[in-house]
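To start, the structure under review is shown below, and the notes come after it.
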Amino acid sequence: MANRGATRRRRRAATASAARPPPSRAPQQTGSRKRKAAEVEGGAGSSSSPGPAAAAASGTGHAEGPLLLAKRPRRPLARRSLVHYLKGRALGNEDHPGLTGLEGDLRNYGVLRLPELLRERQLALGPLNKVFASQWLNARQVVCGTKCNTLFVVDVQTGKITRIPLMQDRGTGQTHTQPTCGIHAIQLNPSKTLLATGGENPNSLAVYQLPTLDPVCLGDRNGHRDWIFAIAWMSDTVVVSGSRDGTVALWQVDPDICSGNIPWHNNSEIPRYSHIHPRDMEAIPRATTNPGNRKVRALAFSGKNQELGAVSLDGYFHLWKARSSLSRLLSLRLPYCRENVCLTYCDELSLYAVGSQSHVSFLDPRQHQQNIRPLCSREGGTGVRSLSFYQHIITVGTGHGSLLFYDIRAQKFLEERASASPDSFLVRTGRKLKLTCGRGWLNQDELWVNYFGGTEEFPNALYTHCYNWPEMKLFVGGGPLLSGLHGNYAGLWS
């Protein structure tokens, strides 16, 4: 029985072998399956005719024998944690896959929470009088201008102060105006390669090269006849200045200066600079209510709309179309007309903010009816002295030595938060979040003794403040509000 079963199996095998077609000859292949897979993938990419894999995928050919498909390359995993994001940012990485939303959320959260976390460290400025203007140069240096007409750089880590020589008008070195007006404006161009401020004559516009602070040019020819109060850059080489004489001037800086094609020093290694004149000048229109007070107090430029906004002390807001020249679009009467001394612009909201004696007014020139109500800042009746926008938060520096923070979207001030016990969460108290600055330095001279000797302290007006958002720092500068008093305040909030 066993022999008979074996015979049957041999007959079946022979019959199946005879029915199978003869195999086609193929070249002998050697190597591993991984090498064969690589050859299949390489052949599909380098040949113009479809290979077996392409034919099988398209359905137009027949694969012969088992087909070895290449393994799919593994995609790098997107690291979405906060730790990896902060580490990459510290190393200077700009591309963070999948972190666009996280970065935006972090920024929004930081804008709302940073003010309540800030702590003050005062900076000693010696006998300098009232800081009127300031801008960050880098992570540790701030350039400032004072009422005593001093331009200096302060290192916020060491407190070291470096004075910058002011440019002089062409001709005699006589004093052109009162020495007490000072430097009221400092602005950096978009690429942070040039700095514009006032000269030794505060009627003139001075431009310096960054980061060396070498002098570039001085606008002292056919320019302003009174002090420069405001400066705004329209591009890397076009800057606008506003003066107390009621004019706005547009200046063009030679593009070769920015590219380094002009020699900076003469044979004696003394920096030299050119003397320029304005490319265009526009006068503020006279108002019927206060025609003698057209002084330009503040400027703000909208890069998105290519428009320049200005505030004059007669209580008007003016708007120009800013190209190679200035073309006035409109003039609006401000709702609050007393002491309009500061102006800022928010690109994200297309909104101007004007600071007055007791209010901040919001203007959208494209809407006849303003939808955002003014905010009231009654800090002892001392007025709003400095403004800045960042996203939807506006920072208000008052004349009473305090900083306030207003949320445009919620249309309310940020509030203090406190906890009832160490183990409980922070909750809003309903009180405005207010940062009160230190006493600074006050010169107790004869004027102070005779007129204010009985007053123990004077709050400082915060004439300027500027953020360094990558470092989460805020620089604040100012001094006593009364014009006859001599003193200063400078503080780093971090």
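Lettering and numbering for the structure tokens are positional, with chains as A, B, ... in the shown order, residues counted from 1 in each chain, and ligands counted from 1 in the shown order.
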
Write out as a PyMOL selection string each polymer residue whose atoms come within 12 Å of Asp314 in chain A, counting only C-alpha atoms; drop sequence neighbours fewer than 6 positions from it.
chain A and resi 244+246+284-297+331-341+356

With only C-alpha atoms as the basis for distance, which of A:Ala230, A:Leu194, A:Gly438, A:Asn488 is at the shortest distance from Asp254 in chain A?
A:Leu194

Per DSSP on the backbone, filter range 220-330 of chain A down to the residues in strand (DSSP E) and report them as a count of residues only.
50

Which residue, A:Pro278, A:Gly478, A:Pro374, A:Gly198, has the smallest gap to Ile408 in chain A when you use only C-alpha atoms?
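For Ile408 in chain A, the nearest of the given residues is A:Pro374.
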
Option closest in space to Ala139 in chain A, from A:Leu474, A:Leu188, A:Leu363, A:Val311 [counting only C-alpha atoms]:
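Smallest distance to Ala139 in chain A is found for A:Leu474.
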
Could you tell me which of A:Arg409, A:Arg113, A:Arg119, A:Arg279 comes closest to Leu435 in chain A if we count only C-alpha atoms?
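For Leu435 in chain A, the nearest of the given residues is A:Arg119.
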